[in-house]
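Here's the structure we're looking at; comments come further down.
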Number of protein chains: 2
Amino acid sequence: MKIYEKLRNELKKRHLRITSQREAVLSVFLENEGEHLTADEAYEKLSHKNSHISKATIYRTVDLLKEMGFLSKVNFGDGMERYEVKDLNTHQHHHLICTKCGQVYEIKEDLLEDVEKLIEERTGFKIQDHQLNFYGICPKCQASKNEEKNTEEAARHSIK
Amino acid sequence: MKIYEKLRNELKKRHLRITSQREAVLSVFLENEGEHLTADEAYEKLSHKNSHISKATIYRTVDLLKEMGFLSKVNFGDGMERYEVKDLNTHQHHHLICTKCGQVYEIKEDLLEDVEKLIEERTGFKIQDHQLNFYGICPKCQASKNEEKNTEEAARHSIK
DNA sequence: CTCGCTGCAAAGCCTTTGCATTCGC
DNA sequence: GCGAATGCAAAGGCTTTGCAGCGAG
């Protein structure tokens, strides 16, 4: 597959080693696109498969993959660092987060097409990245607002 | 001052108590607008003045002030929760963060004037808030990019 | 063979919580 | 005086780090 070659090339270029762990960590994010996994979630998913990779390695690897441009860090205000595959070929997207159940939806349009350039011109910054999150209540939670408390699962993901 | 009256009214409305700590915490954010203080920074600023308020109370109070709409939580990817005064009268603003020295600049324009409504219509979400951050290298850090490492202070604020 | 990478456990940091005491109302 | 708020210290949760052993090149 193309992206694993890219990974190997990038590692070689930096004189770093190609290890099964590095490929496995990238794979778990590829196989769960749109899920914005935390390090811990990636660890669980990997454990359920085959690979027993230590959490320390997961943390070190997501950091490296981010540095090499394969992952982006995203933050939904729930106190954990989350990562997603950075697809350089597609448009950027933004996130719409339900503050009640924690569900995250992606907004496909790139609303900031020309804004980065504008800001670079005005401020002299060299812009590398941006992150746009909308917070609100999803239709499902609006509907159930007066019913009993949502699931435990939801409560765990809710945002303060 | 107007905003302290608003605080007292809001507390009364919720049958909560008016305490010196609650006013002091709000005051430190008002006196340091544009600084995006963490709980710990607020604690330090308060200690240097007069008020000795425990950190636990700071945490509890910023949370309450956010719930009541006096503060907004902002996140710059540095692993700490930051808060700023939420000025309901002015336009929204966004943040431009230098990933090297951690300096934060504010972008005054509201770039998302109509976007929220559009998203509400399309998705059925009830949008409460949004957060837009740009990450890049500020002019100063671009200039000094080949010089020796920036200050310790800067390193502490840098974003991975 | 060498040096980078991993795994494990311990340590670090920020934040939350339990409980006795204090203090609005 | 009653119950909420505070302070202190301990606990919690996520992330980083030290170090011995393993494994890629």
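Identifiers in the structure tokens: chain A, B, ... in order shown; residue index from 1 per chain; ligand index from 1 in order shown.
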
Chain D near chain A within 10 Å: what's each residue's closest atom pair and its distance in Å to one decimal, counting only C-alpha atoms (C1' of nucleotides), ordered by chain then ascending residue number, as a tab-separated table?
residue	atom	partner	partner_atom	distance
D:DG13	C1'	A:Gly79	CA	9.5
D:DC14	C1'	A:Met80	CA	7.0
D:DT15	C1'	A:Tyr59	CA	7.7
D:DT16	C1'	A:Ala56	CA	8.2
D:DT17	C1'	A:Ala56	CA	9.5
D:DG23	C1'	A:Thr19	CA	9.3
D:DA24	C1'	A:Arg17	CA	6.5
D:DG25	C1'	A:Arg17	CA	8.3

With a cut-off of 6 Å, could you pull out the residues of chain A touching chain B and give me the nearest pair of atoms for each, distance in Å to one decimal, using only C-alpha atoms, ordered by chain and ascending number, as CSV?
residue,atom,partner,partner_atom,distance
A:Gly124,CA,B:Pro139,CA,5.5
A:Phe125,CA,B:Cys138,CA,4.6
A:Lys126,CA,B:Ile137,CA,5.1
A:Ile127,CA,B:Gly136,CA,4.0
A:Gln128,CA,B:Gly136,CA,4.8
A:Asp129,CA,B:Tyr135,CA,5.1
A:His130,CA,B:Phe134,CA,4.2
A:Gln131,CA,B:Asn133,CA,5.3
A:Leu132,CA,B:Leu132,CA,4.4
A:Asn133,CA,B:Gln131,CA,5.3
A:Phe134,CA,B:His130,CA,4.2
A:Tyr135,CA,B:Asp129,CA,5.1
A:Gly136,CA,B:Ile127,CA,4.0
A:Ile137,CA,B:Lys126,CA,5.1
A:Cys138,CA,B:Phe125,CA,4.6
A:Pro139,CA,B:Gly124,CA,5.5

Closest pair table for chain C residues within 9 Å of chain A, only C-alpha atoms (C1' of nucleotides), as JSON lines:
{"residue": "C:DG4", "atom": "C1'", "partner": "A:Arg17", "partner_atom": "CA", "distance": 7.3}
{"residue": "C:DC5", "atom": "C1'", "partner": "A:Arg17", "partner_atom": "CA", "distance": 7.9}
{"residue": "C:DT6", "atom": "C1'", "partner": "A:Thr57", "partner_atom": "CA", "distance": 6.7}
{"residue": "C:DG7", "atom": "C1'", "partner": "A:Ser54", "partner_atom": "CA", "distance": 6.1}
{"residue": "C:DC8", "atom": "C1'", "partner": "A:Ser54", "partner_atom": "CA", "distance": 8.4}

- Task: Return as a ChimeraX atom specification the full set of residues in region 89-138 of chain B whose backbone-based DSSP assignment is alpha helix (DSSP H).
- Result: /B:115-123

Take the residues just selected and output them with C-alpha atoms as a PDB file, in the first residue's frame.
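Output below, filename out_25.pdb:
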ATOM      1  CA  VAL B 115     -21.376  29.852   9.086  1.00  0.00           C
ATOM      2  CA  GLU B 116     -22.986  28.776  12.334  1.00  0.00           C
ATOM      3  CA  LYS B 117     -26.477  29.331  11.034  1.00  0.00           C
ATOM      4  CA  LEU B 118     -25.646  27.464   7.872  1.00  0.00           C
ATOM      5  CA  ILE B 119     -24.402  24.482   9.846  1.00  0.00           C
ATOM      6  CA  GLU B 120     -27.424  24.502  12.114  1.00  0.00           C
ATOM      7  CA  GLU B 121     -29.685  24.350   9.090  1.00  0.00           C
ATOM      8  CA  ARG B 122     -27.773  21.568   7.451  1.00  0.00           C
ATOM      9  CA  THR B 123     -27.096  19.355  10.437  1.00  0.00           C
TER      10      THR B 123
END

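Distances from C:DT22, C:DC1, C:DT16, C:DA10 to DA5 (chain D) were compared using only C-alpha atoms (C1' of nucleotides), and the smallest one belongs to C:DT22.
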